[in-house]
file target.txt (compact mmCIF, C-alpha atoms)
# COMPACT_ATOMS: atom_id res chain seq x y z
CA MET A 6 0.00 0.00 0.00
CA ASP A 7 1.45 3.39 -0.96
CA GLU A 8 1.98 6.06 1.67
CA ASN A 9 -0.85 8.28 0.42
CA SER A 10 -3.42 5.52 0.72
CA SER A 11 -3.45 5.80 4.51
CA SER A 12 -4.85 9.30 4.22
CA LYS A 13 -7.73 8.35 1.93
CA PRO A 14 -10.82 6.37 2.94
CA PRO A 15 -12.58 4.40 0.19
CA SER A 16 -14.63 6.74 -1.97
CA GLU A 17 -18.39 6.91 -1.41
CA PHE A 18 -18.26 4.76 1.73
CA HIS A 19 -20.71 6.25 4.24
CA LEU A 20 -20.04 4.73 7.68
CA GLY A 21 -23.29 6.05 9.16
CA LYS A 22 -25.38 4.32 6.48
CA ALA A 23 -23.34 1.11 6.71
CA LEU A 24 -23.68 0.90 10.51
CA TYR A 25 -27.38 1.72 10.26
CA GLU A 26 -27.88 -1.28 7.97
CA MET A 27 -25.77 -3.50 10.24
CA ILE A 28 -27.74 -2.57 13.36
CA LYS A 29 -31.09 -2.79 11.56
CA ASP A 30 -30.38 -6.23 10.13
CA THR A 31 -28.94 -7.79 13.28
CA ARG A 32 -31.64 -9.90 14.88
CA ARG A 33 -32.08 -9.47 18.60
CA SER A 34 -34.68 -10.51 21.14
CA ARG A 35 -35.68 -9.12 24.53
CA ARG A 36 -33.62 -11.91 26.08
CA GLY A 37 -30.45 -10.33 24.71
CA THR A 38 -29.90 -12.76 21.84
CA ILE A 39 -27.82 -11.49 18.92
CA PHE A 40 -26.81 -13.06 15.62
CA VAL A 41 -23.32 -11.98 14.59
CA ARG A 42 -22.28 -12.25 10.94
CA THR A 43 -18.87 -13.89 10.49
CA SER A 44 -16.27 -13.53 7.75
CA HIS A 45 -17.51 -16.88 6.38
CA GLY A 46 -21.03 -15.50 5.90
CA ALA A 47 -22.66 -17.52 8.69
CA ASP A 48 -24.68 -16.19 11.60
CA ILE A 49 -23.51 -17.13 15.11
CA ARG A 50 -26.02 -16.77 17.94
CA PHE A 51 -24.99 -15.40 21.30
CA THR A 52 -26.95 -14.48 24.38
CA HIS A 53 -25.63 -11.37 26.08
CA GLU A 54 -24.82 -12.31 29.64
CA ASN A 55 -22.83 -10.05 31.94
CA ASP A 56 -20.35 -11.42 34.48
CA PRO A 57 -22.08 -11.54 37.90
CA GLY A 58 -18.81 -10.61 39.60
CA TYR A 59 -18.76 -6.95 38.56
CA HIS A 60 -17.46 -4.58 41.23
CA ASP A 61 -18.14 -0.89 40.92
CA ARG A 62 -15.97 0.76 43.53
CA ILE A 63 -15.69 3.86 41.37
CA ALA A 64 -19.44 4.51 41.22
CA LYS A 65 -20.67 7.56 43.12
CA ASP A 66 -24.13 6.08 43.48
CA LYS A 67 -25.63 2.61 43.84
CA PHE A 68 -25.11 0.52 40.74
CA SER A 69 -26.29 -2.96 39.90
CA ALA A 70 -24.57 -4.74 37.02
CA SER A 71 -27.40 -7.26 36.69
CA LEU A 72 -30.06 -4.54 36.49
CA ALA A 73 -27.92 -2.53 34.06
CA SER A 74 -27.46 -5.62 31.90
CA MET A 75 -31.20 -6.26 31.87
CA LYS A 76 -31.92 -2.63 31.03
CA ILE A 77 -29.39 -2.69 28.19
CA ALA A 78 -30.95 -5.90 26.77
CA LEU A 79 -34.41 -4.30 26.76
CA THR A 80 -33.09 -1.01 25.40
CA THR A 81 -31.17 -2.82 22.63
CA PHE A 82 -34.36 -4.53 21.51
CA ASP A 83 -36.29 -1.23 21.55
CA LEU A 84 -33.47 0.53 19.68
CA LYS A 85 -33.60 -2.19 17.04
CA ARG A 86 -37.30 -1.49 16.56
CA GLU A 87 -36.63 2.24 16.22
CA PHE A 88 -33.87 1.58 13.69
CA ARG A 89 -36.30 -0.49 11.61
CA ASN A 90 -38.66 2.47 11.27
CA PRO A 91 -37.91 3.91 7.79
CA LYS A 92 -39.19 7.33 8.87
CA LYS A 93 -36.42 7.52 11.46
CA ARG A 94 -33.58 6.37 9.22
CA ALA A 95 -32.14 9.86 8.80
CA VAL A 96 -32.26 10.44 12.58
CA CYS A 97 -30.54 7.10 13.24
CA GLU A 98 -27.79 7.72 10.68
CA SER A 99 -27.23 11.25 12.00
CA ASN A 100 -26.95 9.97 15.57
CA ILE A 101 -24.41 7.35 14.53
CA LEU A 102 -22.28 10.01 12.84
CA GLU A 103 -22.53 12.37 15.82
CA SER A 104 -21.57 9.55 18.20
CA LEU A 105 -18.57 8.64 16.05
CA ALA A 106 -17.40 12.26 16.04
CA LEU A 107 -17.89 12.51 19.80
CA MET A 108 -15.92 9.27 20.22
CA VAL A 109 -12.96 10.81 18.35
CA TYR A 110 -13.30 14.09 20.25
CA GLY A 111 -13.30 12.46 23.71
CA SER A 112 -10.49 10.05 22.88
CA ASN A 113 -8.32 12.90 21.59
CA ILE A 114 -8.94 14.93 24.75
CA ILE A 115 -7.83 11.97 26.88
CA ALA A 116 -4.69 11.69 24.74
CA GLY A 117 -4.05 15.46 24.81
CA VAL A 118 -3.99 15.80 21.02
CA GLY A 119 -6.31 17.25 18.40
CA ALA A 120 -9.26 18.45 20.44
CA GLY A 121 -7.09 18.16 23.54
CA ALA A 122 -4.16 20.27 22.31
CA GLY A 123 -3.55 23.72 23.72
CA ALA A 124 -4.93 25.11 26.96
CA GLY A 125 -8.27 23.41 26.49
CA ALA A 126 -10.92 22.53 23.97
CA GLY A 127 -11.07 25.36 21.51
CA ALA A 128 -8.09 27.18 23.01
CA GLY A 129 -4.76 27.82 21.33
CA ALA A 130 -4.02 25.00 18.95
CA GLY A 131 -6.88 22.95 20.36
CA ALA A 132 -10.12 22.31 18.51
CA GLY A 133 -13.52 22.23 20.16
CA PHE A 134 -16.21 19.72 19.28
CA ASP A 135 -17.63 21.86 16.45
CA ILE A 136 -14.40 21.70 14.45
CA THR A 137 -13.81 18.05 15.36
CA ARG A 138 -17.33 17.26 14.20
CA LYS A 139 -16.90 19.15 10.92
CA LEU A 140 -13.69 17.31 10.11
CA CYS A 141 -14.96 13.89 11.21
CA LEU A 142 -18.25 14.02 9.33
CA LYS A 143 -16.39 14.52 6.07
CA ILE A 144 -14.45 11.32 6.72
CA PHE A 145 -17.38 9.24 7.95
CA LYS A 146 -19.49 10.28 4.95
CA GLY A 147 -16.76 9.04 2.59
CA LYS A 148 -15.50 12.47 1.55
CA ASP A 149 -11.82 13.07 2.11
CA SER A 150 -10.75 16.10 4.17
CA LYS A 151 -7.47 17.39 2.82
CA ILE A 152 -5.42 19.51 5.22
CA THR A 153 -3.34 22.19 3.51
CA GLU A 154 -1.44 25.21 4.79
CA TYR A 155 -2.37 28.86 4.77
CA PRO A 156 -0.19 31.47 3.10
CA ALA A 157 2.12 32.93 5.78
CA ASP A 158 0.15 36.19 6.12
CA ASP A 159 -3.14 34.50 6.98
CA ASP A 160 -4.49 33.87 10.48
CA GLU A 161 -2.69 30.74 11.70
CA ASN A 162 -5.29 30.06 14.40
CA SER A 163 -8.21 29.82 12.01
CA LEU A 164 -9.80 26.96 10.14
CA SER A 165 -11.08 27.63 6.64
CA ILE A 166 -12.79 25.53 4.01
CA GLY A 167 -11.35 26.16 0.53
CA LYS A 168 -13.64 28.15 -1.77
CA ASP A 169 -12.76 26.13 -4.86
CA ARG A 170 -12.44 22.83 -3.00
CA PRO A 171 -15.15 22.40 -0.32
CA ASP A 172 -13.43 19.20 0.84
CA GLN A 173 -10.23 21.09 1.60
CA PHE A 174 -9.47 22.42 5.08
CA ILE A 175 -6.78 25.12 5.17
CA CYS A 176 -4.74 25.93 8.28
CA ALA A 177 -1.17 26.46 9.44
CA GLY A 178 1.35 26.12 12.28
CA PRO A 179 0.19 24.20 15.37
CA VAL A 180 -3.35 24.26 13.99
CA LEU A 181 -2.22 22.13 11.07
CA SER A 182 -0.89 19.43 13.42
CA CYS A 183 -4.01 19.61 15.58
CA ARG A 184 -6.38 19.19 12.63
CA ARG A 185 -4.32 16.35 11.19
CA GLU A 186 -4.59 14.47 14.51
CA ILE A 187 -8.38 14.71 14.25
CA VAL A 188 -8.60 13.72 10.60
CA GLN A 189 -6.24 10.74 10.91
CA HIS A 190 -8.03 9.53 14.04
CA ALA A 191 -11.33 9.60 12.16
CA LYS A 192 -9.78 7.69 9.25
CA ALA A 193 -8.35 5.07 11.62
CA ALA A 194 -11.79 4.67 13.24
CA LEU A 195 -13.39 4.33 9.81
CA PHE A 196 -10.88 1.63 8.86
CA MET A 197 -11.11 -0.49 12.02
CA ILE A 198 -14.90 -0.32 12.40
CA LYS A 199 -15.36 -1.08 8.72
CA GLU A 200 -13.04 -4.11 8.87
CA LEU A 201 -14.57 -5.61 12.04
CA CYS A 202 -18.23 -4.60 11.74
CA ILE A 203 -19.00 -4.13 8.04
CA PHE A 204 -16.62 -6.67 6.48
CA HIS A 205 -17.09 -8.98 9.51
CA LYS A 206 -13.38 -9.68 10.00
CA ASP A 207 -11.85 -10.77 13.29
CA LEU A 208 -9.47 -8.42 15.06
CA SER A 209 -5.90 -9.15 13.93
CA GLU A 210 -2.39 -7.80 14.21
CA ASP A 211 -2.58 -6.60 10.60
CA ILE A 212 -5.73 -4.57 11.31
CA ILE A 213 -4.20 -3.03 14.44
CA LEU A 214 -0.94 -2.16 12.66
CA GLU A 215 -2.77 -0.59 9.72
CA ALA A 216 -5.08 1.39 12.02
CA HIS A 217 -2.02 2.74 13.84
CA ARG A 218 -0.35 3.62 10.53
CA ILE A 219 -3.44 5.54 9.44
CA LEU A 220 -3.85 7.30 12.79
CA THR A 221 -0.22 8.48 12.91
CA TYR A 222 0.24 9.24 9.20
CA LYS A 223 2.47 12.33 8.78
CA ILE A 224 2.33 13.05 12.54
CA ASP A 225 5.83 13.22 14.02
CA GLY A 226 6.58 12.12 17.55
CA LYS A 227 8.48 14.38 19.95
CA ALA A 228 11.85 13.09 18.77
CA THR A 229 10.88 10.60 16.07
CA PRO A 230 9.71 11.28 12.49
CA TRP A 231 6.37 9.63 11.75
CA ALA A 232 7.81 7.30 9.08
CA GLN A 233 10.05 5.66 11.71
CA TYR A 234 7.25 4.58 14.09
CA SER A 235 3.94 4.75 12.22
CA GLY A 236 2.53 1.23 11.87
CA PHE A 237 5.56 -0.39 13.57
CA TYR A 238 5.93 -1.96 16.99
CA ARG A 239 8.20 0.07 19.26
CA THR A 240 11.87 -0.76 19.78
CA VAL A 241 12.42 1.19 23.02
CA ASP A 242 11.22 0.77 26.61
CA VAL A 243 8.25 2.82 27.82
CA SER A 244 7.01 3.29 31.38
CA MET A 245 4.43 5.12 33.45
CA GLY A 246 5.49 6.01 36.96
CA LEU A 247 7.07 2.88 38.44
CA HIS A 248 5.39 0.56 35.96
CA THR A 249 7.43 -0.49 32.93
CA PHE A 250 5.43 -1.93 30.07
CA THR A 251 6.33 -4.96 27.96
CA THR A 252 9.96 -5.05 26.91
CA PRO A 253 10.36 -4.34 23.16
CA LEU A 254 11.77 -7.82 22.52
CA LEU A 255 8.47 -9.37 23.69
CA VAL A 256 6.00 -6.91 22.13
CA GLN A 257 5.35 -8.91 18.96
CA SER A 258 4.93 -12.22 20.80
CA LYS A 259 2.61 -10.56 23.34
CA MET A 260 0.48 -9.14 20.53
CA LYS A 261 0.21 -12.57 18.89
CA GLU A 262 -0.72 -14.02 22.28
CA MET A 263 -3.42 -11.35 22.71
CA ILE A 264 -5.02 -12.23 19.37
CA LEU A 265 -4.91 -15.96 20.20
CA ARG A 266 -6.59 -15.30 23.57
CA LEU A 267 -9.32 -13.29 21.86
CA GLU A 268 -9.90 -16.10 19.35
CA ARG A 269 -10.08 -18.58 22.24
CA ASP A 270 -12.64 -16.43 24.09
CA ILE A 271 -14.81 -16.17 20.97
CA ARG A 272 -14.63 -19.94 20.48
CA GLN A 273 -15.79 -20.42 24.06
CA ALA A 274 -18.65 -17.98 23.48
CA LYS A 275 -19.66 -19.91 20.37
CA LYS A 276 -19.53 -23.19 22.28
CA PHE A 277 -21.66 -22.01 25.21
CA LYS A 278 -23.67 -19.47 23.15
CA LYS A 279 -23.05 -16.77 25.75
CA LEU A 280 -21.05 -13.58 25.41
CA ASP A 281 -20.35 -10.54 27.57
CA PRO A 282 -19.45 -7.81 25.03
CA VAL A 283 -18.56 -5.23 27.69
CA MET A 284 -16.21 -7.56 29.55
CA LEU A 285 -14.69 -8.70 26.26
CA ALA A 286 -14.06 -5.12 25.08
CA ALA A 287 -12.65 -4.06 28.46
CA LYS A 288 -10.39 -7.12 28.66
CA TYR A 289 -8.72 -6.61 25.29
CA ALA A 290 -8.51 -2.83 25.59
CA HIS A 291 -6.66 -3.43 28.88
CA ILE A 292 -4.37 -6.16 27.53
CA PHE A 293 -3.45 -4.01 24.52
CA ASN A 294 -2.91 -0.94 26.71
CA ASN A 295 -0.62 -2.86 29.03
CA ILE A 296 1.49 -4.28 26.19
CA ARG A 297 1.65 -0.72 24.85
CA PRO A 298 3.09 -1.92 21.54
CA PHE A 299 3.58 1.46 19.86
CA LEU A 300 5.74 4.48 20.53
CA ARG A 301 2.64 6.72 20.70
CA ALA A 302 -1.14 6.59 20.19
CA ASN A 303 -1.61 3.38 22.26
CA GLY A 304 -4.53 4.84 24.23
CA ARG A 305 -6.42 5.93 21.14
CA ILE A 306 -5.92 2.56 19.44
CA SER A 307 -7.07 0.77 22.61
CA ARG A 308 -10.29 2.82 22.61
CA LEU A 309 -10.85 2.05 18.92
CA ILE A 310 -10.45 -1.67 19.72
CA LEU A 311 -12.89 -1.26 22.60
CA ASN A 312 -15.61 0.43 20.54
CA SER A 313 -15.12 -1.79 17.49
CA LEU A 314 -15.62 -4.92 19.62
CA LEU A 315 -18.69 -3.41 21.30
CA LEU A 316 -20.25 -2.59 17.92
CA LYS A 317 -19.30 -5.95 16.41
CA TYR A 318 -20.90 -7.93 19.22
CA GLY A 319 -24.16 -6.11 19.51
CA TYR A 320 -23.80 -3.00 21.64
CA TYR A 321 -23.40 0.67 20.79
CA LEU A 322 -20.56 3.19 20.86
CA ILE A 323 -19.25 4.49 24.18
CA CYS A 324 -17.93 8.05 24.03
CA LEU A 325 -15.23 8.20 26.69
CA GLY A 326 -13.72 11.52 27.78
CA GLU A 327 -16.45 13.82 26.52
CA ASP A 328 -16.55 15.68 29.85
CA LYS A 329 -14.15 16.24 32.74
CA GLU A 330 -15.82 13.81 35.15
CA SER A 331 -16.00 10.86 32.74
CA ARG A 332 -12.44 11.58 31.64
CA LYS A 333 -11.20 11.41 35.24
CA ASP A 334 -13.12 8.21 35.95
CA TYR A 335 -11.66 6.53 32.88
CA VAL A 336 -8.06 7.64 33.50
CA ASP A 337 -8.26 6.63 37.18
CA VAL A 338 -9.51 3.15 36.28
CA VAL A 339 -6.89 2.60 33.56
CA CYS A 340 -4.04 3.77 35.82
CA ALA A 341 -5.27 1.58 38.68
CA ALA A 342 -5.28 -1.40 36.31
CA PHE A 343 -1.69 -0.64 35.31
CA GLN A 344 -0.65 -0.66 38.98
CA LEU A 345 -2.50 -3.91 39.62
CA GLU A 346 -0.86 -5.48 36.59
CA ALA A 347 2.58 -4.50 37.91
CA THR A 348 1.99 -6.53 41.10
CA SER A 349 0.85 -9.71 39.31
CA ASP A 350 4.00 -10.57 37.34
CA GLY A 351 4.86 -14.24 37.39
CA ARG A 352 1.37 -15.50 38.30
CA GLU A 353 -0.54 -17.93 36.16
CA GLU A 354 -3.35 -16.33 34.17
CA GLU A 355 -6.10 -17.93 36.27
CA GLU A 356 -4.46 -16.62 39.45
CA ASN A 357 -4.29 -13.03 38.27
CA PRO A 358 -6.87 -10.58 39.55
CA MET A 359 -9.28 -9.48 36.84
CA MET A 360 -7.55 -6.19 36.10
CA HIS A 361 -10.11 -5.03 33.57
CA ARG A 362 -13.09 -5.54 35.93
CA GLU A 363 -13.43 -1.92 37.00
CA LEU A 364 -13.07 -0.74 33.41
CA ALA A 365 -15.86 -3.14 32.41
CA SER A 366 -18.00 -1.81 35.23
CA LEU A 367 -17.41 1.78 34.08
CA LEU A 368 -18.23 0.84 30.49
CA LEU A 369 -21.41 -0.99 31.51
CA ARG A 370 -22.66 2.03 33.42
CA GLN A 371 -21.90 4.38 30.51
CA GLN A 372 -23.36 1.94 27.99
CA GLN A 373 -26.64 1.93 29.90
CA ASN A 374 -26.76 5.72 30.04
CA SER A 375 -25.79 6.29 26.39
CA MET A 376 -28.23 3.73 25.00
CA CYS A 377 -31.13 5.04 27.08
CA ALA A 378 -30.32 8.60 25.97
CA LEU A 379 -30.29 7.47 22.33
CA LEU A 380 -33.62 5.70 22.71
CA ASP A 381 -35.16 8.81 24.28
CA LYS A 382 -33.88 10.92 21.39
CA LEU A 383 -35.31 8.57 18.77
CA ARG A 384 -38.69 8.57 20.49
CA GLN A 385 -39.02 12.36 20.52
call {"tool": "encode", "arguments": {"input": "target.txt", "output": "structure tokens"}}
result
Amino acid sequence: MDENSSSKPPSEFHLGKALYEMIKDTRRSRRGTIFVRTSHGADIRFTHENDPGYHDRIAKDKFSASLASMKIALTTFDLKREFRNPKKRAVCESNILESLALMVYGSNIIAGVGAGAGAGAGAGAGAGFDITRKLCLKIFKGKDSKITEYPADDDENSLSIGKDRPDQFICAGPVLSCRREIVQHAKAALFMIKELCIFHKDLSEDIILEAHRILTYKIDGKATPWAQYSGFYRTVDVSMGLHTFTTPLLVQSKMKEMILRLERDIRQAKKFKKLDPVMLAAKYAHIFNNIRPFLRANGRISRLILNSLLLKYGYYLICLGEDKESRKDYVDVVCAAFQLEATSDGREEEENPMMHRELASLLLRQQQNSMCALLDKLRQ
């Protein structure tokens, strides 16, 4: 694949329309049953069943995982009915696009890039949700957003749409870098969600590497040109506080092991016809995050994995980091899991504490809230 291809989504591919059709055509019942299309063209039936061992120490109010799971199952069925209403198709597609843009916006704020650059959203080089949305919608509707520079005498803190080329966004200086972070993130999301949810592929190393290459295309690291790390596993040690992540020599083997574990978990779900999408998404977002295979953008890729798995196995998008409180909750949970992981070295897998449990609990709570809010909106 040539280097320019990572900056161009397939022409005329509208992610909102494609996800609308996927959600509409996925059969569900009030018992939480879902039929997932596989890469071989066969439907596999699962019953959504949440792990009874959820712990929600981070919740500020009383929270019941079993009640949340039941509410999500009922809400999923009702959402399916709303999506089948042809009069509401435009509303459904619009909501999908807005949720995708909000997903990119929140994830970038957590990472401190794009929308999170500068002194705050909309400040300095940072971009608020309006600009993030404008850039993302172009990508998700299948229309490329080309970022080009202003002449030197123009306002470097402005964003302009070219008069002769309405698909062309013109900016300069730190704004150029900020906008590129947003656009490439949207393109990476488009790629991974399309591969897993529309083309029904299983998550693989190749998909993760390509998503990272797209996300970091032409975006230099602090001391490393983009071409030297984009789409490649890291070759240096990285750490956070006292916790050192996987040594570079083991990164590739750990990534292969992660994919094999995911395949094993899906086989078990097929065998017993039960699946917990939230626990699955939390588990592999955590495992990936703790391997930390890339020099940068690990957090954003982990959140793309998380949302792609949720969508693939019957739930809806979770927009993490959209406000200060949810951002703090998420970061606290992820950091606590890192610390817990650091104390479990050398144990057998079955002896390890479930380090993604609190993340799953946080996701379950937010999944309930977001799906209920979407259903309320569609019923207005």
call {"tool": "atom_distance", "arguments": {"input": "target.txt", "atom1": "atom CA of A:Val241", "atom2": "atom CA of A:Leu267"}}
result
26.1 Å
call {"tool": "atom_distance", "arguments": {"input": "target.txt", "atom1": "atom CA of A:Arg138", "atom2": "atom CA of A:Glu103"}}
result
7.3 Å
call {"tool": "residues_around", "arguments": {"input": "target.txt", "residues": "stretch 287-299 of chain A", "least_positions_apart": "3", "cutoff": "10 Å", "atoms": "all atoms listed in the file", "output": "PDB file with C-alpha atoms, in the coordinates of the input"}}
result
ATOM      1  CA  LEU A 214      -0.940  -2.160  12.660  1.00  0.00           C
ATOM      2  CA  HIS A 217      -2.020   2.740  13.840  1.00  0.00           C
ATOM      3  CA  TYR A 234       7.250   4.580  14.090  1.00  0.00           C
ATOM      4  CA  SER A 235       3.940   4.750  12.220  1.00  0.00           C
ATOM      5  CA  GLY A 236       2.530   1.230  11.870  1.00  0.00           C
ATOM      6  CA  PHE A 237       5.560  -0.390  13.570  1.00  0.00           C
ATOM      7  CA  TYR A 238       5.930  -1.960  16.990  1.00  0.00           C
ATOM      8  CA  ARG A 239       8.200   0.070  19.260  1.00  0.00           C
ATOM      9  CA  THR A 240      11.870  -0.760  19.780  1.00  0.00           C
ATOM     10  CA  VAL A 241      12.420   1.190  23.020  1.00  0.00           C
ATOM     11  CA  ASP A 242      11.220   0.770  26.610  1.00  0.00           C
ATOM     12  CA  VAL A 243       8.250   2.820  27.820  1.00  0.00           C
ATOM     13  CA  SER A 244       7.010   3.290  31.380  1.00  0.00           C
ATOM     14  CA  HIS A 248       5.390   0.560  35.960  1.00  0.00           C
ATOM     15  CA  THR A 249       7.430  -0.490  32.930  1.00  0.00           C
ATOM     16  CA  PHE A 250       5.430  -1.930  30.070  1.00  0.00           C
ATOM     17  CA  THR A 251       6.330  -4.960  27.960  1.00  0.00           C
ATOM     18  CA  THR A 252       9.960  -5.050  26.910  1.00  0.00           C
ATOM     19  CA  PRO A 253      10.360  -4.340  23.160  1.00  0.00           C
ATOM     20  CA  LEU A 255       8.470  -9.370  23.690  1.00  0.00           C
ATOM     21  CA  VAL A 256       6.000  -6.910  22.130  1.00  0.00           C
ATOM     22  CA  GLN A 257       5.350  -8.910  18.960  1.00  0.00           C
ATOM     23  CA  LYS A 259       2.610 -10.560  23.340  1.00  0.00           C
ATOM     24  CA  MET A 260       0.480  -9.140  20.530  1.00  0.00           C
ATOM     25  CA  MET A 263      -3.420 -11.350  22.710  1.00  0.00           C
ATOM     26  CA  ILE A 264      -5.020 -12.230  19.370  1.00  0.00           C
ATOM     27  CA  ARG A 266      -6.590 -15.300  23.570  1.00  0.00           C
ATOM     28  CA  LEU A 267      -9.320 -13.290  21.860  1.00  0.00           C
ATOM     29  CA  PRO A 282     -19.450  -7.810  25.030  1.00  0.00           C
ATOM     30  CA  VAL A 283     -18.560  -5.230  27.690  1.00  0.00           C
ATOM     31  CA  MET A 284     -16.210  -7.560  29.550  1.00  0.00           C
ATOM     32  CA  ALA A 302      -1.140   6.590  20.190  1.00  0.00           C
ATOM     33  CA  ASN A 303      -1.610   3.380  22.260  1.00  0.00           C
ATOM     34  CA  GLY A 304      -4.530   4.840  24.230  1.00  0.00           C
ATOM     35  CA  ARG A 305      -6.420   5.930  21.140  1.00  0.00           C
ATOM     36  CA  ILE A 306      -5.920   2.560  19.440  1.00  0.00           C
ATOM     37  CA  SER A 307      -7.070   0.770  22.610  1.00  0.00           C
ATOM     38  CA  ARG A 308     -10.290   2.820  22.610  1.00  0.00           C
ATOM     39  CA  LEU A 309     -10.850   2.050  18.920  1.00  0.00           C
ATOM     40  CA  ILE A 310     -10.450  -1.670  19.720  1.00  0.00           C
ATOM     41  CA  LEU A 311     -12.890  -1.260  22.600  1.00  0.00           C
ATOM     42  CA  ASN A 312     -15.610   0.430  20.540  1.00  0.00           C
ATOM     43  CA  LEU A 314     -15.620  -4.920  19.620  1.00  0.00           C
ATOM     44  CA  LEU A 315     -18.690  -3.410  21.300  1.00  0.00           C
ATOM     45  CA  VAL A 339      -6.890   2.600  33.560  1.00  0.00           C
ATOM     46  CA  ALA A 342      -5.280  -1.400  36.310  1.00  0.00           C
ATOM     47  CA  PHE A 343      -1.690  -0.640  35.310  1.00  0.00           C
ATOM     48  CA  GLU A 346      -0.860  -5.480  36.590  1.00  0.00           C
ATOM     49  CA  ALA A 347       2.580  -4.500  37.910  1.00  0.00           C
ATOM     50  CA  MET A 359      -9.280  -9.480  36.840  1.00  0.00           C
ATOM     51  CA  MET A 360      -7.550  -6.190  36.100  1.00  0.00           C
ATOM     52  CA  HIS A 361     -10.110  -5.030  33.570  1.00  0.00           C
ATOM     53  CA  ARG A 362     -13.090  -5.540  35.930  1.00  0.00           C
ATOM     54  CA  GLU A 363     -13.430  -1.920  37.000  1.00  0.00           C
ATOM     55  CA  LEU A 364     -13.070  -0.740  33.410  1.00  0.00           C
ATOM     56  CA  ALA A 365     -15.860  -3.140  32.410  1.00  0.00           C
ATOM     57  CA  SER A 366     -18.000  -1.810  35.230  1.00  0.00           C
ATOM     58  CA  LEU A 367     -17.410   1.780  34.080  1.00  0.00           C
ATOM     59  CA  LEU A 368     -18.230   0.840  30.490  1.00  0.00           C
ATOM     60  CA  LEU A 369     -21.410  -0.990  31.510  1.00  0.00           C
TER      61      LEU A 369
END
call {"tool": "residues_around", "arguments": {"input": "target.txt", "residues": "stretch 80-95 of chain A", "least_positions_apart": "4", "cutoff": "12 Å", "atoms": "all atoms listed in the file", "output": "VMD selection string"}}
result
chain A and resid 21 to 39 53 73 to 76 99 to 102 316 318 to 321 372 to 385
call {"tool": "atom_distance", "arguments": {"input": "target.txt", "atom1": "atom CA of A:Leu195", "atom2": "atom CA of A:Ile77"}}
result
25.4 Å
call {"tool": "residues_around", "arguments": {"input": "target.txt", "residues": "A:Lys227", "least_positions_apart": "3", "cutoff": "12 Å", "atoms": "only C-alpha atoms", "output": "list in words"}}
result
Ile224, Pro230, Trp231, Tyr234, Leu300 and Arg301 of chain A
